[in-house]
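Asker: Dropping in coords_22.cif, which is mmCIF, C-alpha atoms:
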```cif
data_upload
loop_
_atom_site.label_atom_id
_atom_site.label_comp_id
_atom_site.auth_asym_id
_atom_site.auth_seq_id
_atom_site.Cartn_x
_atom_site.Cartn_y
_atom_site.Cartn_z
CA MET A 482 13.25 50.88 16.37
CA LEU A 483 14.73 52.63 13.36
CA ASP A 484 15.52 56.32 13.31
CA ILE A 485 13.89 56.95 9.93
CA ASP A 486 15.05 60.58 9.67
CA ASN A 487 18.69 59.55 10.08
CA ILE A 488 18.29 56.62 7.73
CA ARG A 489 16.73 58.84 5.05
CA GLU A 490 19.70 61.17 5.28
CA GLU A 491 21.91 58.20 4.40
CA PHE A 492 20.14 57.74 1.06
CA PRO A 493 20.67 60.53 -1.51
CA ILE A 494 17.67 59.35 -3.53
CA THR A 495 15.31 60.51 -0.77
CA GLN A 496 16.23 64.10 -1.65
CA LYS A 497 15.34 63.74 -5.33
CA SER A 498 12.44 65.85 -6.66
CA PHE A 499 10.54 65.92 -9.95
CA GLN A 500 8.24 68.42 -11.59
CA VAL A 501 4.74 66.94 -11.69
CA TYR A 502 1.67 67.83 -13.70
CA GLY A 503 -0.56 70.46 -12.13
CA SER A 504 1.99 71.73 -9.60
CA SER A 505 4.21 74.80 -9.80
CA GLU A 506 6.71 73.26 -7.38
CA PRO A 507 8.67 70.01 -7.80
CA ARG A 508 7.50 67.09 -5.64
CA LYS A 509 9.90 65.00 -3.64
CA LEU A 510 10.15 61.47 -4.99
CA VAL A 511 8.30 58.79 -3.04
CA TYR A 512 10.11 55.61 -3.99
CA LEU A 513 7.93 52.52 -3.61
CA ASP A 514 9.67 50.19 -6.05
CA HIS A 515 12.15 48.44 -3.75
CA GLY A 516 10.92 45.08 -5.02
CA ALA A 517 12.56 45.90 -8.36
CA SER A 518 15.71 47.63 -7.13
CA THR A 519 16.89 49.43 -4.01
CA HIS A 520 19.19 52.45 -3.85
CA PRO A 521 22.69 52.48 -2.36
CA SER A 522 23.32 54.48 0.79
CA ARG A 523 26.08 57.10 1.08
CA THR A 524 28.20 54.62 3.01
CA VAL A 525 27.93 52.02 0.24
CA LEU A 526 28.49 54.58 -2.51
CA ASN A 527 31.55 55.95 -0.72
CA LYS A 528 32.99 52.45 -0.39
CA TYR A 529 32.38 51.79 -4.08
CA ILE A 530 33.88 55.11 -5.20
CA ASP A 531 36.84 54.80 -2.87
CA PHE A 532 37.76 51.45 -4.38
CA VAL A 533 37.43 52.70 -7.97
CA LYS A 534 39.41 55.88 -7.24
CA ASN A 535 42.17 54.49 -5.03
CA TYR A 536 42.54 50.72 -5.35
CA TYR A 537 41.19 49.78 -8.78
CA SER A 538 43.04 46.65 -9.83
CA ASN A 539 42.36 43.07 -10.78
CA VAL A 540 42.38 40.39 -8.08
CA HIS A 541 44.68 37.37 -7.78
CA ARG A 542 46.81 38.78 -10.58
CA GLY A 543 49.79 40.64 -9.18
CA LYS A 544 52.21 41.39 -6.39
CA HIS A 545 51.87 45.19 -6.49
CA PHE A 546 50.07 47.19 -3.80
CA LEU A 547 46.88 47.85 -5.74
CA SER A 548 46.36 44.21 -6.65
CA MET A 549 47.09 43.03 -3.13
CA ILE A 550 44.67 45.53 -1.58
CA SER A 551 42.01 44.74 -4.20
CA THR A 552 42.40 41.02 -3.53
CA GLU A 553 42.15 41.47 0.23
CA LEU A 554 38.96 43.56 -0.09
CA PHE A 555 37.51 41.05 -2.54
CA GLU A 556 38.25 38.03 -0.32
CA ARG A 557 36.48 39.74 2.58
CA VAL A 558 33.29 39.70 0.51
CA TYR A 559 32.96 35.94 0.89
CA LYS A 560 33.43 36.18 4.66
CA THR A 561 30.77 38.88 4.90
CA ILE A 562 28.19 36.88 2.95
CA PHE A 563 28.92 33.68 4.90
CA SER A 564 28.42 35.59 8.13
CA PHE A 565 25.25 37.36 6.94
CA ILE A 566 23.48 34.10 6.11
CA SER A 567 25.03 32.16 9.04
CA ALA A 568 26.71 29.65 6.76
CA ASP A 569 29.55 27.16 7.21
CA LYS A 570 32.41 28.09 4.85
CA ASP A 571 34.19 24.75 5.14
CA GLU A 572 31.45 22.62 3.61
CA ASN A 573 30.04 25.25 1.28
CA ALA A 574 31.09 27.85 -1.25
CA ILE A 575 29.83 31.22 -2.39
CA VAL A 576 30.08 31.95 -6.10
CA LEU A 577 29.85 35.61 -7.08
CA THR A 578 27.65 36.23 -10.11
CA ALA A 579 26.22 39.17 -12.07
CA ASN A 580 22.61 38.80 -10.90
CA THR A 581 20.18 36.44 -9.21
CA THR A 582 19.09 35.00 -12.56
CA SER A 583 22.59 33.77 -13.36
CA ALA A 584 22.91 32.29 -9.85
CA LEU A 585 19.62 30.42 -10.24
CA ASP A 586 20.56 29.17 -13.71
CA MET A 587 23.92 28.10 -12.31
CA THR A 588 22.11 25.89 -9.80
CA ALA A 589 20.00 24.36 -12.56
CA TRP A 590 23.25 23.69 -14.45
CA PHE A 591 24.87 22.06 -11.41
CA MET A 592 21.87 19.76 -10.90
CA ARG A 593 21.13 19.00 -14.55
CA GLU A 594 22.65 15.50 -14.57
CA VAL A 595 21.27 14.42 -11.20
CA GLU A 596 18.49 11.88 -11.56
CA GLY A 597 15.00 13.19 -10.98
CA ILE A 598 12.77 16.18 -11.67
CA THR A 599 12.75 19.72 -10.32
CA LEU A 600 9.70 20.89 -8.39
CA VAL A 601 9.00 24.59 -8.95
CA SER A 602 6.28 26.57 -7.23
CA MET A 603 3.62 28.43 -9.21
CA MET A 604 4.63 31.51 -7.22
CA GLU A 605 8.05 31.85 -8.81
CA HIS A 606 9.66 34.71 -10.63
CA HIS A 607 10.49 33.49 -14.14
CA SER A 608 14.18 33.45 -13.19
CA ASN A 609 13.52 30.56 -10.80
CA ASP A 610 11.35 28.69 -13.28
CA LEU A 611 12.58 29.00 -16.86
CA PRO A 612 16.22 27.99 -16.16
CA HIS A 613 14.97 24.73 -14.67
CA ARG A 614 12.71 24.11 -17.66
CA HIS A 615 15.78 24.42 -19.90
CA ARG A 616 17.99 22.17 -17.79
CA SER A 617 15.62 19.51 -16.47
CA LYS A 618 12.11 18.15 -16.38
CA VAL A 619 9.95 20.46 -14.27
CA LEU A 620 6.76 19.85 -12.33
CA HIS A 621 4.94 22.72 -10.67
CA PHE A 622 3.24 22.73 -7.27
CA GLY A 623 0.37 25.06 -6.64
CA VAL A 624 -0.85 28.01 -4.63
CA LYS A 625 -4.05 28.57 -2.65
CA PRO A 626 -6.76 31.17 -3.33
CA ASP A 627 -5.27 33.45 -0.66
CA GLY A 628 -1.98 33.56 -2.57
CA THR A 629 -0.03 31.25 -0.23
CA LEU A 630 1.73 28.03 -1.20
CA ASP A 631 -0.23 24.79 -1.30
CA MET A 632 1.95 22.73 1.01
CA ASP A 633 -0.25 19.64 0.64
CA ASP A 634 0.34 19.70 -3.12
CA LEU A 635 4.08 20.05 -2.55
CA GLU A 636 4.19 17.15 -0.10
CA ASN A 637 2.10 14.95 -2.39
CA LYS A 638 4.34 15.60 -5.40
CA LEU A 639 7.48 15.01 -3.35
CA LYS A 640 6.17 11.62 -2.25
CA ASN A 641 4.95 10.54 -5.69
CA ASN A 642 7.88 11.63 -7.87
CA LYS A 643 11.62 11.20 -7.95
CA VAL A 644 12.53 14.80 -7.08
CA LYS A 645 16.12 16.07 -7.09
CA LEU A 646 15.50 19.75 -6.38
CA VAL A 647 12.75 21.96 -4.96
CA ALA A 648 13.04 25.52 -6.29
CA VAL A 649 11.06 28.09 -4.34
CA THR A 650 11.17 31.79 -3.53
CA GLY A 651 11.92 32.95 -0.01
CA ALA A 652 9.36 35.72 -0.47
CA SER A 653 7.04 36.50 -3.36
CA ASN A 654 7.76 39.60 -5.41
CA VAL A 655 3.99 39.84 -6.11
CA THR A 656 2.23 39.35 -2.77
CA GLY A 657 5.21 39.47 -0.43
CA PHE A 658 4.23 36.06 0.96
CA LEU A 659 6.98 34.71 3.21
CA THR A 660 7.62 31.08 2.39
CA ASP A 661 8.29 28.66 5.23
CA ILE A 662 11.65 27.74 3.74
CA TYR A 663 12.65 25.53 6.66
CA ARG A 664 9.52 23.40 6.51
CA ILE A 665 10.03 22.97 2.77
CA ALA A 666 13.71 22.14 3.27
CA LYS A 667 12.81 19.45 5.79
CA LEU A 668 10.21 17.96 3.42
CA ALA A 669 12.67 18.03 0.53
CA HIS A 670 15.41 16.30 2.49
CA GLU A 671 13.02 13.66 3.85
CA ASN A 672 12.24 12.79 0.24
CA GLY A 673 15.81 12.76 -1.04
CA ALA A 674 15.80 16.20 -2.68
CA ARG A 675 17.78 19.39 -2.24
CA ILE A 676 16.29 22.87 -1.94
CA LEU A 677 17.07 26.09 -3.81
CA ILE A 678 15.87 29.40 -2.34
CA ASP A 679 15.50 32.46 -4.52
CA ALA A 680 16.31 35.05 -1.85
CA ALA A 681 16.26 38.08 -4.15
CA GLN A 682 13.34 39.59 -2.24
CA LEU A 683 14.29 38.15 1.14
CA LEU A 684 17.91 39.18 1.59
CA ALA A 685 17.41 42.80 2.68
CA HIS A 686 14.18 42.31 4.60
CA LYS A 687 14.49 39.37 6.99
CA GLN A 688 17.26 37.50 8.77
CA ILE A 689 18.44 34.43 6.85
CA ASP A 690 20.02 31.40 8.54
CA VAL A 691 20.86 28.56 6.15
CA LYS A 692 21.59 26.27 9.13
CA PRO A 693 24.37 23.62 9.32
CA ASN A 694 24.65 21.14 6.46
CA ASP A 695 23.61 18.21 8.64
CA HIS A 696 20.53 20.01 9.95
CA PRO A 697 17.25 18.64 8.54
CA GLU A 698 16.16 22.21 7.68
CA HIS A 699 19.44 23.19 6.00
CA ILE A 700 19.16 25.36 2.90
CA ASP A 701 21.27 23.72 0.18
CA PHE A 702 21.33 26.54 -2.37
CA LEU A 703 20.51 30.22 -1.92
CA ALA A 704 20.71 32.99 -4.52
CA ALA A 705 20.42 36.75 -4.09
CA ALA A 706 21.59 40.07 -5.54
CA GLY A 707 23.00 43.33 -4.26
CA HIS A 708 20.72 45.63 -6.23
CA LYS A 709 17.80 44.49 -4.06
CA ALA A 710 19.86 44.99 -0.88
CA TYR A 711 20.99 48.63 -1.19
CA ALA A 712 24.05 47.98 -3.36
CA PRO A 713 24.76 48.92 -7.00
CA PHE A 714 23.70 46.82 -9.97
CA GLY A 715 25.81 43.95 -11.21
CA SER A 716 26.77 41.88 -8.18
CA ALA A 717 25.04 38.80 -6.78
CA PHE A 718 25.90 35.44 -5.28
CA LEU A 719 25.03 31.78 -5.10
CA PHE A 720 25.56 29.80 -1.88
CA GLY A 721 25.85 26.05 -2.34
CA PRO A 722 27.46 22.81 -1.12
CA ARG A 723 31.03 22.09 -2.18
CA ASP A 724 30.27 18.42 -2.79
CA VAL A 725 28.03 19.54 -5.67
CA LEU A 726 29.94 22.58 -6.92
CA ASP A 727 33.30 20.85 -7.08
CA ARG A 728 32.18 17.74 -8.94
CA VAL A 729 30.69 19.49 -11.99
CA GLN A 730 32.30 21.23 -14.95
CA PRO A 731 32.65 25.01 -14.62
CA TYR A 732 29.52 26.99 -15.43
CA VAL A 733 31.63 29.14 -17.80
CA PRO A 734 35.17 27.75 -18.28
CA GLY A 735 37.94 30.23 -18.86
CA GLY A 736 40.51 32.38 -17.14
CA GLY A 737 40.58 31.96 -13.39
CA THR A 738 38.75 28.61 -13.37
CA VAL A 739 41.86 26.42 -13.65
CA LEU A 740 44.93 25.37 -11.69
CA PHE A 741 46.91 24.45 -14.81
CA VAL A 742 46.42 24.04 -18.56
CA SER A 743 48.61 22.06 -20.95
CA GLU A 744 48.25 21.73 -24.69
CA ASP A 745 46.18 18.58 -24.22
CA ASP A 746 44.78 18.71 -20.69
CA TYR A 747 43.70 20.98 -17.81
CA ILE A 748 42.95 20.86 -14.10
CA TYR A 749 40.04 22.94 -12.84
CA ALA A 750 40.23 24.84 -9.57
CA SER A 751 37.92 24.22 -6.64
CA SER A 752 34.95 26.47 -5.93
CA PRO A 753 34.33 29.36 -6.01
CA ASP A 754 37.09 30.02 -8.59
CA ARG A 755 35.93 26.99 -10.56
CA HIS A 756 32.74 28.84 -11.53
CA GLN A 757 33.97 32.43 -11.69
CA GLY A 758 35.45 32.62 -15.17
CA GLY A 759 36.97 35.95 -16.13
CA THR A 760 37.35 39.13 -14.14
CA PRO A 761 34.57 39.51 -11.57
CA ASN A 762 32.71 42.71 -10.72
CA ILE A 763 35.17 43.52 -7.95
CA ALA A 764 33.83 46.96 -7.09
CA GLY A 765 30.24 45.69 -7.11
CA ALA A 766 31.10 42.77 -4.85
CA ILE A 767 32.84 45.06 -2.36
CA ALA A 768 29.80 47.34 -2.37
CA LEU A 769 27.49 44.35 -1.83
CA ALA A 770 29.49 43.32 1.22
CA GLU A 771 29.38 46.88 2.55
CA SER A 772 25.60 46.99 2.16
CA LEU A 773 25.26 43.73 4.11
CA ASN A 774 27.50 45.14 6.82
CA CYS A 775 25.26 48.21 7.02
CA LEU A 776 22.14 46.05 7.33
CA SER A 777 23.80 43.99 10.05
CA GLU A 778 24.70 47.17 11.94
CA ILE A 779 21.09 48.39 11.74
CA GLY A 780 19.86 44.94 12.77
CA MET A 781 17.65 42.75 10.61
CA ASP A 782 15.10 42.45 13.42
CA ASN A 783 14.76 46.24 13.35
CA VAL A 784 14.42 46.21 9.58
CA ARG A 785 11.70 43.58 9.80
CA SER A 786 9.79 45.38 12.57
CA HIS A 787 9.77 48.60 10.58
CA GLU A 788 8.48 46.81 7.51
CA ILE A 789 5.69 45.07 9.41
CA GLU A 790 4.61 48.42 10.85
CA LEU A 791 4.54 50.01 7.39
CA THR A 792 2.70 47.08 5.83
CA GLU A 793 0.05 46.82 8.56
CA TYR A 794 -0.58 50.54 8.32
CA ALA A 795 -0.73 50.45 4.52
CA LEU A 796 -3.12 47.49 4.39
CA ASP A 797 -5.42 49.34 6.77
CA ARG A 798 -5.24 52.69 4.96
CA LEU A 799 -5.73 51.16 1.52
CA LYS A 800 -9.18 49.95 2.59
CA GLU A 801 -10.23 53.57 2.10
CA VAL A 802 -9.54 53.40 -1.65
CA PRO A 803 -12.76 52.73 -3.59
CA GLU A 804 -12.80 49.53 -5.66
CA ILE A 805 -9.28 48.50 -4.69
CA ASN A 806 -8.55 44.79 -5.04
CA ILE A 807 -5.41 43.65 -3.22
CA LEU A 808 -3.98 40.40 -4.56
CA GLY A 809 -3.43 37.77 -1.89
CA ASN A 810 -5.03 37.70 1.54
CA ILE A 811 -1.86 37.60 3.62
CA PRO A 812 -1.32 39.37 6.97
CA ALA A 813 1.62 41.75 7.42
CA SER A 814 3.28 39.32 9.84
CA ASN A 815 3.61 36.74 7.05
CA ARG A 816 4.57 38.97 4.13
CA LEU A 817 7.21 41.44 3.11
CA GLY A 818 6.26 45.06 2.49
CA VAL A 819 4.88 44.21 -0.94
CA ILE A 820 1.30 45.09 -1.86
CA THR A 821 -0.09 44.45 -5.33
CA PHE A 822 -3.51 45.67 -6.41
CA ASN A 823 -5.89 46.91 -9.06
CA ILE A 824 -8.46 49.69 -8.83
CA GLY A 825 -11.76 48.78 -10.44
CA LYS A 826 -11.34 48.37 -14.19
CA LEU A 827 -8.60 50.96 -14.52
CA SER A 828 -5.51 49.87 -16.43
CA ASN A 829 -2.56 49.10 -14.17
CA GLY A 830 -0.37 51.15 -16.51
CA LEU A 831 -2.71 54.11 -16.23
CA VAL A 832 -2.65 53.99 -12.41
CA SER A 833 1.16 53.89 -12.32
CA ASP A 834 1.36 56.68 -14.89
CA ILE A 835 -0.85 58.98 -12.84
CA LEU A 836 1.02 58.24 -9.61
CA ASN A 837 4.27 59.10 -11.33
CA HIS A 838 3.28 62.19 -13.34
CA GLU A 839 1.01 63.82 -10.79
CA ALA A 840 2.55 62.76 -7.46
CA ALA A 841 6.16 61.62 -8.14
CA ILE A 842 5.33 58.21 -6.66
CA ALA A 843 7.44 55.41 -8.11
CA THR A 844 5.60 52.08 -8.39
CA ARG A 845 5.85 49.01 -10.59
CA ASN A 846 3.10 47.68 -12.83
CA GLY A 847 2.53 44.71 -15.11
CA ARG A 848 3.01 41.03 -14.31
CA PHE A 849 6.31 41.26 -12.42
CA CYS A 850 7.96 38.36 -14.27
CA ALA A 851 5.57 35.98 -12.51
CA HIS A 852 2.91 35.41 -15.17
CA PRO A 853 1.44 32.09 -13.93
CA TYR A 854 1.04 33.45 -10.40
CA LEU A 855 -0.56 36.69 -11.66
CA SER A 856 -2.95 34.80 -13.89
CA TYR A 857 -4.06 32.71 -10.93
CA LEU A 858 -4.46 35.69 -8.60
CA LEU A 859 -6.37 37.64 -11.26
CA GLY A 860 -8.67 34.68 -11.87
CA ARG A 861 -7.68 34.46 -15.53
CA ASN A 862 -7.51 31.18 -17.45
CA ASP A 863 -6.66 32.59 -20.87
CA SER A 864 -2.90 31.91 -20.88
CA ASP A 865 -3.12 29.56 -23.89
CA GLU A 866 -5.06 32.18 -25.82
CA ILE A 867 -2.54 34.89 -24.92
CA ILE A 868 0.36 32.73 -26.11
CA ALA A 869 -1.43 31.87 -29.36
CA ASN A 870 -2.17 35.53 -30.06
CA LEU A 871 1.39 36.61 -29.27
CA ARG A 872 2.77 33.91 -31.57
CA ARG A 873 0.63 35.39 -34.35
CA GLY A 874 2.35 38.71 -33.74
CA GLU A 875 -0.64 40.46 -32.20
CA LYS A 876 -0.01 43.36 -29.82
CA PHE A 877 -2.36 43.81 -26.89
CA ASP A 878 -2.47 44.38 -23.13
CA ILE A 879 -1.94 41.08 -21.28
CA GLY A 880 -3.18 42.63 -18.04
CA GLY A 881 -1.49 42.90 -14.72
CA ALA A 882 -1.54 44.94 -11.53
CA VAL A 883 0.18 47.77 -9.66
CA ARG A 884 2.77 47.07 -6.97
CA ILE A 885 4.10 49.15 -4.11
CA SER A 886 7.07 47.74 -2.22
CA PHE A 887 8.63 49.25 0.89
CA GLY A 888 12.24 49.70 1.83
CA ILE A 889 14.21 50.74 4.84
CA PHE A 890 13.75 54.50 4.36
CA ASN A 891 10.00 54.58 3.67
CA SER A 892 7.73 56.26 6.22
CA LEU A 893 4.14 56.20 7.45
CA GLU A 894 3.72 59.69 5.94
CA GLU A 895 4.54 58.25 2.54
CA VAL A 896 1.86 55.60 3.05
CA ASP A 897 -0.63 58.39 3.74
CA TYR A 898 0.50 60.24 0.62
CA VAL A 899 0.14 57.25 -1.71
CA THR A 900 -3.25 56.37 -0.17
CA GLU A 901 -4.63 59.86 -0.82
CA ASN A 902 -3.40 59.76 -4.41
CA LEU A 903 -4.91 56.32 -4.99
CA LYS A 904 -8.23 57.66 -3.67
CA MET A 905 -7.91 60.51 -6.17
CA ILE A 906 -7.38 58.02 -8.98
CA ALA A 907 -10.22 55.75 -7.85
CA GLU A 908 -12.51 58.79 -7.88
CA HIS A 909 -11.31 59.76 -11.40
CA ARG A 910 -9.97 63.11 -10.31
CA TRP A 911 -6.64 63.06 -12.15
CA LYS A 912 -5.66 66.11 -14.18
CA ALA A 913 -3.87 65.08 -17.39
CA ASN A 914 -4.58 62.72 -20.27
CA TYR A 915 -2.54 59.53 -20.36
CA GLY A 916 -1.66 56.77 -22.78
CA ASP A 917 0.97 55.47 -25.14
CA ASP A 918 1.41 56.36 -28.81
CA THR A 919 -2.01 54.98 -29.72
CA THR A 920 -4.15 55.02 -26.59
CA TYR A 921 -5.16 57.92 -24.35
CA PHE A 922 -7.56 58.11 -21.44
CA ASP A 923 -9.49 61.01 -19.99
CA CYS A 924 -10.05 61.55 -16.26
CA LYS A 925 -12.96 59.07 -16.33
CA GLY A 926 -10.81 56.33 -17.80
CA VAL A 927 -12.57 56.59 -21.15
CA GLN A 928 -10.36 55.87 -24.14
CA LEU A 929 -9.68 58.84 -26.39
CA SER A 930 -8.35 58.88 -29.94
CA ALA A 931 -4.67 59.64 -30.39
CA SER A 932 -3.79 63.29 -30.91
#
```
Please render this file's structure as structure tokens.

Answerer:
Amino acid sequence: MLDIDNIREEFPITQKSFQVYGSSEPRKLVYLDHGASTHPSRTVLNKYIDFVKNYYSNVHRGKHFLSMISTELFERVYKTIFSFISADKDENAIVLTANTTSALDMTAWFMREVEGITLVSMMEHHSNDLPHRHRSKVLHFGVKPDGTLDMDDLENKLKNNKVKLVAVTGASNVTGFLTDIYRIAKLAHENGARILIDAAQLLAHKQIDVKPNDHPEHIDFLAAAGHKAYAPFGSAFLFGPRDVLDRVQPYVPGGGTVLFVSEDDYIYASSPDRHQGGTPNIAGAIALAESLNCLSEIGMDNVRSHEIELTEYALDRLKEVPEINILGNIPASNRLGVITFNIGKLSNGLVSDILNHEAAIATRNGRFCAHPYLSYLLGRNDSDEIIANLRRGEKFDIGGAVRISFGIFNSLEEVDYVTENLKMIAEHRWKANYGDDTTYFDCKGVQLSAS
């Protein structure tokens, strides 16, 4: 079990307060937007600051103390990531990138000349869909009415197409659905394909084991980022097989990617240097490794148990909110702490606005960079019409939902607090008027003219 009080003390953001409408005293922030970005702990921040203050220097570039220490700290990052995902460093490489999107696009680049199509789930974040559309022919496999993956559709399309890569999220950023990545990996390999896991949501919430390369359930490629795992922005990684990474041209050729360059020729380095052109985010990578070390020390099983407890409790409490519609019918045991919903006909933006301005509750709203999945879950079939209207330059609300997503320092008391405020909103008892420059709503959700 986690000692939540001690963990909260480790995160400075838990002490942040904001002045809210209708209250004479500031309210302590309730941060429920971990699905977008997490906050670094004191330990991670101290590691980051210590490097910048005392050892700031480029890696692999010099024989002086600062460069040698910087290089040693940087090289440890690879070892930490390999260990965290239980990976074999001899047959695989880890390429450090700026974010998950660049890691996913890098995979699409690596696989672009391999014969076959890429199968992408309808559940994906755009970052694990659009790069493949740009690099290859893409075919999508579907989801079921409860928000889970349609495994029969996946298996059918694997058997009836020449597939080179299956691209799928480890956990949905919309419903929190936990994908059976090992079953999909086995199916992919049985049909001659490799698998790419977008682990952006998964990394900080559940133990990952990519398994040995000769295992039928081995994960070929895996991408994730530090800013969703309690590290600062700007550092991420791609795990992949050396036999693929070392046979392709560098993702971005340049300094650091070569062994030697002549006037007429050049020899590229092996991975990861081959695909890490230019100076990397050294401080960010060191902080990412420190955050993974902290998670390992806490224990990923403990992290997962805490999240299941929060999610079960939240799903039960949210039943008290009038007219709430939770997207996806997925039990807490098979989802991350991600709950997406709408309340009656209220705008998702309005609900998030009220939570923020009257309760200091941080949520996310919109379509979460997963438009096809949201359209399906919302029962909307007007995507072609939306695209046509947007191409004509029209401005309008494309719809969406509100999302709460739990992290390591959230508590059951915070679940109670957000539930009571959602009940207030559902009962139209908010205090202020809300809207953008042109649209305002009163406490009954009725549109008012702009003031």

Asker: Point out the residue among A:Leu808, A:Leu684, A:Leu611, A:Ala770 with the least atom-to-atom distance to A:Glu556, counting only C-alpha atoms.

Answerer: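 Result for the nearest residue to A:Glu556: A:Ala770.
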
Asker: As a check of understanding, name the residues that the PyMOL selection byres ((chain A and resi 753) around 7) selects in the supplied structure, as a count of residues only.

Answerer: 9

Asker: Take the PyMOL selection byres ((chain A and resi 843-853) around 10), run it mentally on this structure, and tell me the resulting residues as a PyMOL selection string.

Answerer: chain A and resi 510-517+602-610+653-655+821-823+828-834+836-838+840-842+854-859+861-862+864+878-886+899

Asker: A:Leu726, A:Leu799, A:Ala768, A:Ile689: which is nearest A:Asn527, counting all atoms listed in the file?

Answerer: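 Smallest separation from A:Asn527 among the options: A:Ala768.
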
Asker: Report as a list in words all protein, DNA and RNA residues lying within 10 Å of A:Arg614, evaluated on all atoms listed in the file, omitting residues in the same chain fewer than 6 positions from it.

Answerer: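 Within the cut-off, the hits are Ala589, Ile598, Thr599, Val601 and Leu620 of chain A.
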
Asker: For stretch 761-767 of chain A, work out the shell of residues within 10 Å, counting all atoms listed in the file and skipping chain neighbours fewer than 3 positions away, then give it as a ChimeraX atom specification.

Answerer: /A:525,528-533,536-540,551-552,554-559,561,577-579,706-708,712-718,737,757-758,770-772

Asker: On this structure, which residues satisfy the PyMOL selection byres ((chain A and resi 630) around 10), written as a list in words?

Answerer: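 Listing what the PyMOL selection byres ((chain A and resi 630) around 10) selects in the shown file: Ser602, Met603, Met604, Phe622, Gly623, Val624, Lys625, Pro626, Asp627, Gly628, Thr629, Asp631, Met632, Asp633, Asp634, Leu635, Val649, Phe658, Leu659, Thr660 and Asp661 of chain A.
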
Asker: Take the residues that were just selected and, keeping C-alpha atoms, output them as a short mmCIF file (atom, residue, chain, number, x, y, z; two decimals), keeping the file's coordinate frame.

Answerer:
```cif
data_model
loop_
_atom_site.label_atom_id
_atom_site.label_comp_id
_atom_site.auth_asym_id
_atom_site.auth_seq_id
_atom_site.Cartn_x
_atom_site.Cartn_y
_atom_site.Cartn_z
CA SER A 602 6.28 26.57 -7.23
CA MET A 603 3.62 28.43 -9.21
CA MET A 604 4.63 31.51 -7.22
CA PHE A 622 3.24 22.73 -7.27
CA GLY A 623 0.37 25.06 -6.64
CA VAL A 624 -0.85 28.01 -4.63
CA LYS A 625 -4.05 28.57 -2.65
CA PRO A 626 -6.76 31.17 -3.33
CA ASP A 627 -5.27 33.45 -0.66
CA GLY A 628 -1.98 33.56 -2.57
CA THR A 629 -0.03 31.25 -0.23
CA ASP A 631 -0.23 24.79 -1.30
CA MET A 632 1.95 22.73 1.01
CA ASP A 633 -0.25 19.64 0.64
CA ASP A 634 0.34 19.70 -3.12
CA LEU A 635 4.08 20.05 -2.55
CA VAL A 649 11.06 28.09 -4.34
CA PHE A 658 4.23 36.06 0.96
CA LEU A 659 6.98 34.71 3.21
CA THR A 660 7.62 31.08 2.39
CA ASP A 661 8.29 28.66 5.23
#
```

Asker: Within 6 Å of (6.8, 44.5, -1.2) (coordinates as in the file), grab all the protein and nucleic acid residues, counting all atoms listed in the file, and write them out as a list in words.

Answerer: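 Checking each residue against the 6 Å limit leaves Gly516, Gly657, Leu817, Gly818, Val819, Ile820, Ser886 and Phe887 of chain A.
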
Asker: Would you put the residues from that selection into a file with C-alpha atoms, as a PDB file, in the coordinates of the input?

Answerer:
```
ATOM      1  CA  GLY A 516      10.920  45.080  -5.020  1.00  0.00           C
ATOM      2  CA  GLY A 657       5.210  39.470  -0.430  1.00  0.00           C
ATOM      3  CA  LEU A 817       7.210  41.440   3.110  1.00  0.00           C
ATOM      4  CA  GLY A 818       6.260  45.060   2.490  1.00  0.00           C
ATOM      5  CA  VAL A 819       4.880  44.210  -0.940  1.00  0.00           C
ATOM      6  CA  ILE A 820       1.300  45.090  -1.860  1.00  0.00           C
ATOM      7  CA  SER A 886       7.070  47.740  -2.220  1.00  0.00           C
ATOM      8  CA  PHE A 887       8.630  49.250   0.890  1.00  0.00           C
TER       9      PHE A 887
END
```

Asker: Would you tabulate, counting all atoms listed in the file, all residues of stretch 483-593 of chain A that have an atom at most 12 Å from an atom of stretch 909-915 of chain A, showing the closest pair of atoms and their distance in Å to one decimal, sorted by chain then ascending number, as CSV?

Answerer:
```
residue,atom,partner,partner_atom,distance
A:Val501,CA,A:Ala913,CA,10.5
A:Tyr502,CA,A:Ala913,CA,7.2
A:Gly503,CA,A:Lys912,CA,7.0
A:Ser504,CA,A:Lys912,CA,10.5
```

Asker: Just the selected residues (C-alpha atoms), exported as a short mmCIF file (atom, residue, chain, number, x, y, z; two decimals), in the coordinates of the input, please.

Answerer:
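Listed below is the output, again01.cif:
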```
data_model
loop_
_atom_site.label_atom_id
_atom_site.label_comp_id
_atom_site.auth_asym_id
_atom_site.auth_seq_id
_atom_site.Cartn_x
_atom_site.Cartn_y
_atom_site.Cartn_z
CA VAL A 501 4.74 66.94 -11.69
CA TYR A 502 1.67 67.83 -13.70
CA GLY A 503 -0.56 70.46 -12.13
CA SER A 504 1.99 71.73 -9.60
#
```

Asker: Can you work out the spacing between atom CA of A:Pro693 and atom CA of A:Gln730 in Å, to one decimal?

Answerer: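 So the two atoms, atom CA of A:Pro693 and atom CA of A:Gln730, lie 25.6 Å apart.
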
Asker: For atom CA of A:Met781 and atom CA of A:Met482, quote the distance in Å rounded to one decimal.

Answerer: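 Between atom CA of A:Met781 and atom CA of A:Met482 the gap is 10.9 Å.
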
Asker: I'd like the interatomic distance between atom CA of A:Leu646 and atom CA of A:Ala813, to a tenth of an Å.

Answerer: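 Going from atom CA of A:Leu646 over to atom CA of A:Ala813 covers 29.4 Å.
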
Asker: Using all atoms listed in the file, find each residue of stretch 745-786 of chain A with at least one atom at most 9 Å away from an atom of stretch 562-572 of chain A; report its shortest atom-to-atom pair and that distance in Å (one decimal), sort the rows by chain and rising residue number, and return the result as JSON lines.

Answerer:
```
{"residue": "A:Leu769", "atom": "CA", "partner": "A:Ile562", "partner_atom": "CA", "distance": 8.9}
{"residue": "A:Ala770", "atom": "CA", "partner": "A:Ile562", "partner_atom": "CA", "distance": 6.8}
{"residue": "A:Leu773", "atom": "CA", "partner": "A:Phe565", "partner_atom": "CA", "distance": 7.0}
{"residue": "A:Asn774", "atom": "CA", "partner": "A:Phe565", "partner_atom": "CA", "distance": 8.1}
{"residue": "A:Ser777", "atom": "CA", "partner": "A:Phe565", "partner_atom": "CA", "distance": 7.5}
```
